[in-house]
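Trainee: Sending over work31.csv (CSV, C-alpha atoms).
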```csv
chain,number,residue,atom,x,y,z
A,1,ASN,CA,-5.8,6.1,-5.7
A,2,MET,CA,-7.3,9.5,-6.4
A,3,LEU,CA,-10.9,8.5,-5.4
A,4,THR,CA,-9.7,7.2,-2.0
A,5,TRP,CA,-7.7,10.3,-1.4
A,6,SER,CA,-10.5,12.6,-2.5
A,7,ILE,CA,-13.1,11.0,-0.2
A,8,ALA,CA,-10.8,10.9,2.8
A,9,LYS,CA,-9.2,14.3,2.5
A,10,VAL,CA,-11.7,16.4,0.5
A,11,CYS,CA,-15.1,15.0,1.6
A,12,PHE,CA,-14.3,14.2,5.3
A,13,ARG,CA,-11.1,16.1,5.9
A,14,THR,CA,-9.7,12.9,7.5
A,15,LYS,CA,-7.0,13.1,10.1
A,16,ILE,CA,-5.0,10.1,11.3
A,17,ARG,CA,-3.6,9.3,14.7
A,18,GLY,CA,-1.5,6.4,15.8
A,19,LYS,CA,0.5,5.7,12.6
A,20,LYS,CA,3.3,4.5,14.8
A,21,ASN,CA,1.2,1.4,15.5
A,22,LEU,CA,1.5,0.4,11.8
A,23,LYS,CA,5.2,0.0,12.2
A,24,LYS,CA,4.8,-2.8,14.7
A,25,LEU,CA,3.2,-5.1,12.2
A,26,LYS,CA,3.8,-6.6,8.8
A,27,ASN,CA,0.0,-7.1,8.4
A,28,ALA,CA,-3.1,-7.7,10.5
A,29,VAL,CA,-6.8,-8.3,10.8
A,30,VAL,CA,-8.0,-4.6,11.0
A,31,THR,CA,-11.2,-3.7,12.7
A,32,CYS,CA,-13.2,-0.5,12.5
A,33,ASN,CA,-16.5,0.9,13.6
A,34,HIS,CA,-19.0,0.9,10.7
A,35,ILE,CA,-20.2,4.4,10.4
A,36,ASN,CA,-20.3,5.3,6.7
A,37,LYS,CA,-20.6,3.5,3.4
A,38,TYR,CA,-17.1,4.9,2.5
A,39,ASP,CA,-15.4,4.0,5.8
A,40,GLY,CA,-13.5,1.2,4.1
A,41,LEU,CA,-11.9,3.7,1.8
A,42,ILE,CA,-11.2,5.9,4.8
A,43,ILE,CA,-9.2,3.1,6.4
A,44,HIS,CA,-7.5,2.3,3.1
A,45,HIS,CA,-6.3,5.9,3.2
A,46,ALA,CA,-5.2,5.6,6.8
A,47,MET,CA,-3.1,2.4,6.0
A,48,GLY,CA,-1.1,4.3,3.5
A,49,ARG,CA,0.8,2.1,1.0
A,50,ARG,CA,0.1,-1.1,2.9
A,51,LYS,CA,-1.9,-3.7,1.0
A,52,LEU,CA,-5.5,-4.0,2.3
A,53,LYS,CA,-8.5,-6.1,1.4
A,54,ILE,CA,-12.0,-5.2,2.8
A,55,MET,CA,-14.5,-7.8,3.9
A,56,THR,CA,-17.9,-6.6,2.8
A,57,ALA,CA,-21.4,-8.0,2.4
A,58,ASP,CA,-22.0,-9.5,-1.1
A,59,PHE,CA,-24.6,-6.9,-2.0
A,60,ASN,CA,-21.7,-4.4,-2.2
A,61,ASN,CA,-20.4,-6.3,-5.2
A,62,ARG,CA,-22.9,-4.4,-7.3
A,63,LYS,CA,-23.3,-3.0,-10.8
A,64,GLY,CA,-22.5,0.6,-11.6
A,65,PHE,CA,-20.0,3.2,-10.5
A,66,LEU,CA,-20.0,2.4,-6.8
A,67,GLY,CA,-19.6,-1.3,-7.4
A,68,LYS,CA,-16.6,-0.6,-9.7
A,69,MET,CA,-15.0,1.6,-7.0
A,70,MET,CA,-15.6,-1.0,-4.3
A,71,ARG,CA,-13.9,-3.7,-6.4
A,72,ALA,CA,-11.1,-1.3,-7.2
A,73,SER,CA,-10.6,-0.8,-3.5
A,74,GLY,CA,-10.1,-4.5,-3.0
A,75,ILE,CA,-13.3,-5.9,-1.5
A,76,LEU,CA,-13.8,-9.5,-0.4
A,77,PRO,CA,-17.5,-10.1,-0.7
A,78,PHE,CA,-19.0,-12.5,1.9
A,79,THR,CA,-22.2,-14.5,1.8
A,80,MET,CA,-23.6,-17.3,4.0
A,81,ASN,CA,-23.6,-19.7,1.0
A,82,ARG,CA,-21.5,-22.8,2.1
A,83,GLU,CA,-19.4,-22.9,-1.0
A,84,CYS,CA,-18.8,-19.1,-0.9
A,85,ILE,CA,-17.8,-19.4,2.8
A,86,LYS,CA,-15.1,-21.9,1.9
A,87,LYS,CA,-13.7,-19.7,-0.9
A,88,PHE,CA,-13.8,-16.7,1.5
A,89,ASN,CA,-11.9,-18.6,4.2
A,90,ASP,CA,-9.3,-19.6,1.6
A,91,ALA,CA,-9.0,-16.0,0.3
A,92,VAL,CA,-8.5,-14.6,3.9
A,93,SER,CA,-5.8,-17.1,4.6
A,94,HIS,CA,-4.1,-16.5,1.2
A,95,TYR,CA,-4.0,-12.7,1.6
A,96,LEU,CA,-3.0,-12.8,5.3
A,97,GLY,CA,-0.1,-15.1,4.2
A,98,LYS,CA,1.0,-12.6,1.6
A,99,ASN,CA,1.5,-9.6,4.0
A,100,THR,CA,-1.9,-8.2,3.1
A,101,SER,CA,-4.1,-6.9,5.9
A,102,ILE,CA,-7.9,-7.5,5.9
A,103,LEU,CA,-10.4,-5.0,7.2
A,104,PHE,CA,-13.5,-6.3,9.0
A,105,PHE,CA,-16.4,-4.3,10.5
A,106,PRO,CA,-17.2,-6.5,13.5
A,107,GLU,CA,-20.3,-4.5,14.5
A,108,GLY,CA,-21.9,-6.1,11.5
A,109,SER,CA,-24.1,-3.2,10.3
A,110,GLU,CA,-23.6,0.4,9.3
A,111,TRP,CA,-25.0,3.1,11.6
A,112,TRP,CA,-24.3,6.4,9.9
A,113,CYS,CA,-22.1,8.6,12.0
A,114,TYR,CA,-22.9,6.7,15.2
A,115,GLU,CA,-20.4,7.8,17.8
A,116,LYS,CA,-20.4,4.9,20.3
A,117,PRO,CA,-18.8,1.5,19.9
A,118,ARG,CA,-21.3,-1.3,19.6
A,119,PRO,CA,-21.2,-5.0,20.5
A,120,LEU,CA,-18.8,-7.0,18.3
A,121,MET,CA,-19.3,-10.3,16.5
A,122,ASP,CA,-16.6,-13.1,16.5
A,123,GLY,CA,-15.7,-13.2,12.8
A,124,ALA,CA,-12.7,-10.9,12.7
A,125,PHE,CA,-11.2,-12.4,15.8
A,126,HIS,CA,-11.8,-16.0,14.5
A,127,TYR,CA,-9.8,-15.2,11.4
A,128,ALA,CA,-7.0,-13.5,13.4
A,129,VAL,CA,-6.6,-16.5,15.7
A,130,VAL,CA,-6.8,-19.3,13.1
A,131,ASN,CA,-4.2,-17.4,10.9
A,132,ASN,CA,-2.1,-16.4,13.9
A,133,LYS,CA,-2.3,-12.7,13.1
A,134,PRO,CA,-2.8,-9.7,15.4
A,135,ILE,CA,-5.9,-7.5,15.5
A,136,LEU,CA,-5.3,-3.9,14.7
A,137,PRO,CA,-8.2,-1.9,16.1
A,138,CYS,CA,-9.1,1.4,14.4
A,139,PHE,CA,-11.8,3.7,15.6
A,140,ILE,CA,-13.3,6.7,13.7
A,141,THR,CA,-14.4,9.7,15.7
A,142,PHE,CA,-16.2,12.9,14.4
A,143,THR,CA,-15.8,16.6,14.6
A,144,LYS,CA,-18.8,18.7,13.5
A,145,ASN,CA,-17.6,21.5,11.3
A,146,GLY,CA,-20.6,23.8,11.8
A,147,LYS,CA,-22.0,23.3,8.2
A,148,VAL,CA,-25.3,21.6,7.5
A,149,PHE,CA,-26.4,19.5,4.5
A,150,SER,CA,-29.6,20.3,2.7
A,151,ASN,CA,-31.4,17.5,4.6
A,152,GLY,CA,-30.5,19.3,7.9
A,153,ILE,CA,-27.8,16.8,9.0
A,154,GLN,CA,-24.6,18.4,10.3
A,155,GLN,CA,-21.5,17.7,8.3
A,156,ARG,CA,-18.6,15.9,10.1
A,157,HIS,CA,-14.9,15.6,9.7
A,158,PHE,CA,-13.3,12.2,10.5
A,159,THR,CA,-10.3,11.2,12.7
A,160,VAL,CA,-9.0,7.7,12.3
A,161,HIS,CA,-7.4,6.4,15.5
A,162,ILE,CA,-5.0,3.5,14.8
A,163,LEU,CA,-4.8,1.8,18.3
A,164,ASP,CA,-2.4,-0.6,19.8
A,165,PRO,CA,-2.4,-4.1,18.2
A,166,ILE,CA,-3.8,-7.1,20.0
A,167,PHE,CA,-1.9,-10.4,19.7
A,168,PRO,CA,-3.2,-13.9,20.1
A,169,ASP,CA,-1.8,-15.9,23.0
A,170,LYS,CA,-0.4,-19.2,22.0
A,171,LYS,CA,-1.0,-20.6,25.5
A,172,LEU,CA,-4.8,-20.1,25.1
A,173,SER,CA,-7.3,-22.1,23.1
A,174,LYS,CA,-9.0,-20.8,20.0
A,175,SER,CA,-12.2,-19.9,21.7
A,176,GLU,CA,-10.4,-18.3,24.7
A,177,ASN,CA,-8.3,-16.1,22.3
A,178,ILE,CA,-11.4,-15.1,20.3
A,179,LYS,CA,-13.2,-14.0,23.5
A,180,ILE,CA,-10.3,-12.2,25.0
A,181,MET,CA,-9.2,-10.4,21.8
A,182,LYS,CA,-12.8,-9.3,21.1
A,183,GLU,CA,-13.1,-7.9,24.7
A,184,LYS,CA,-9.7,-6.1,24.4
A,185,ASN,CA,-10.8,-4.6,21.0
A,186,PHE,CA,-14.1,-3.3,22.5
A,187,ALA,CA,-12.3,-1.9,25.5
A,188,ALA,CA,-9.8,-0.1,23.3
A,189,TRP,CA,-12.6,1.4,21.3
A,190,CYS,CA,-14.4,2.5,24.5
A,191,SER,CA,-11.2,4.1,25.8
A,192,CYS,CA,-10.7,5.9,22.5
A,193,TYR,CA,-14.3,7.2,22.6
A,194,LYS,CA,-13.8,8.4,26.2
A,195,ALA,CA,-10.6,10.2,25.4
A,196,TRP,CA,-12.1,11.9,22.4
A,197,TYR,CA,-15.5,12.9,23.6
A,198,GLY,CA,-14.7,13.2,27.3
A,199,LYS,CA,-17.4,10.9,28.5
A,200,GLU,CA,-18.1,7.2,29.0
A,201,PRO,CA,-19.8,5.5,26.0
A,202,TRP,CA,-21.9,3.2,28.2
A,203,PRO,CA,-22.3,4.5,31.8
A,204,ASN,CA,-22.7,1.7,34.3
A,205,ASN,CA,-21.6,-0.7,31.5
A,206,GLN,CA,-25.1,-0.6,30.0
A,207,VAL,CA,-23.9,-1.9,26.6
A,208,PRO,CA,-26.8,-3.0,24.3
A,209,THR,CA,-26.7,-6.7,23.7
A,210,LYS,CA,-27.7,-6.5,20.0
A,211,ASN,CA,-26.9,-4.1,17.1
```
Spit out the file's structure as structure tokens when you get a sec.

Mentor:
Amino acid sequence: NMLTWSIAKVCFRTKIRGKKNLKKLKNAVVTCNHINKYDGLIIHHAMGRRKLKIMTADFNNRKGFLGKMMRASGILPFTMNRECIKKFNDAVSHYLGKNTSILFFPEGSEWWCYEKPRPLMDGAFHYAVVNNKPILPCFITFTKNGKVFSNGIQQRHFTVHILDPIFPDKKLSKSENIKIMKEKNFAAWCSCYKAWYGKEPWPNNQVPTKN
């Protein structure tokens, strides 16, 4: 829609790399680093005409303009309430069965314009495995455009990297697949970071253990 296009192209001058990887899939569990409150819309733009739902914390299902825009973009609110978890699980399986992709932010929390990949939680990989769907890792990198906001923060342009899909292995158990797919996703993000910024994200593998 016009709002998604405006945010992606006008606000963040978003560029997209790796569109060829979309052609390999009907749909997938999509993952992305969580770096902006509009990054779900950025990925929606990158996916083109493909159907996409966005897993989000339930507080994003709010009143007012932003809440309306979030719902219009296709959010799937999640909460730890047992009944809601059951409905969420059913909704994920329903949409994945209807050639709709679902976007997760496996880092769990938003760190505004944070460049490095952070440790990942299991959720996205669990849903990929139990629904026999691939993971499609996406990673957003930044280019500073030389302009500065009134609060002193440098403006950034976004590049969405659509990386190679990661498929579950039918020979492995559920827990093994979750572990391996999560590790492959993190490694793909780290390789993307290194290629873009020209340095290791975590020298000597000193990755923080918590977000």

Trainee: So which residues fall inside 12 Å of (-10.2, 2.2, 7.2) if we count only C-alpha atoms? Mind giving them as an MDAnalysis selection string?

Mentor: chainID A and resid 4 7:8 14:16 29:48 50:55 73 101:105 136:140 158:162

Trainee: Quick check, in Å to one decimal: how far apart do CA of Trp189 (chain A) and CA of Lys147 (chain A) lie?

Mentor: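 Answer for the CA of Trp189 (chain A) to CA of Lys147 (chain A) separation: 27.2 Å.
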
Trainee: Nearest residue to Ile166 (chain A) out of A:Val92, A:Thr143, A:Gln154, A:Phe125, using only C-alpha atoms?

Mentor: A:Phe125

Trainee: With all atoms listed in the file as the basis for distance, which of A:Val148, A:Ala124, A:Leu163, A:Ala91 is at the shortest distance from Leu22 (chain A)?

Mentor: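 Smallest separation from Leu22 (chain A) among the options: A:Leu163.
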
Trainee: May I ask which of the residues A:Phe12, A:Tyr193, A:Tyr95, A:Trp5 is the closest one to Arg118 (chain A), counting all atoms listed in the file?

Mentor: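 Looking only at the distances to Arg118 (chain A), the closest residue turns out to be A:Tyr193.
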
Trainee: Mind giving me the straight-line distance from CA of Lys19 (chain A) to CA of Asn1 (chain A) in Å, one decimal?

Mentor: 19.4 Å

Trainee: Distance cut-off 10 Å, centre (-22.9, 9.7, 12.4) in file coordinates, counting all atoms listed in the file: which residues qualify? Return them as a VMD selection string.

Mentor: chain A and resid 34 to 36 110 to 116 141 to 142 144 153 to 156

Trainee: Taking only C-alpha atoms into account, which of A:Val129, A:Leu25, A:Ala187, A:Ile85 comes nearest Glu200 (chain A)?

Mentor: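 For Glu200 (chain A), the nearest of the given residues is A:Ala187.
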
Trainee: Between CA of Asn99 (chain A) and CA of Lys87 (chain A), what distance in Å does the model show, to one decimal?

Mentor: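 Straight-line distance from CA of Asn99 (chain A) to CA of Lys87 (chain A) works out to 18.9 Å.
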
Trainee: Compare A:Asn81, A:Asn185, A:Ser175, A:Ser109 by their minimum atom-to-atom distance to Ile135 (chain A), counting only C-alpha atoms, and give me the closest one.

Mentor: A:Asn185

Trainee: Which of these, A:Lys194, A:Thr209, A:Gly123, A:Asn204, has the shortest distance to Lys179 (chain A) once you count all atoms listed in the file?

Mentor: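 Smallest separation from Lys179 (chain A) among the options: A:Gly123.
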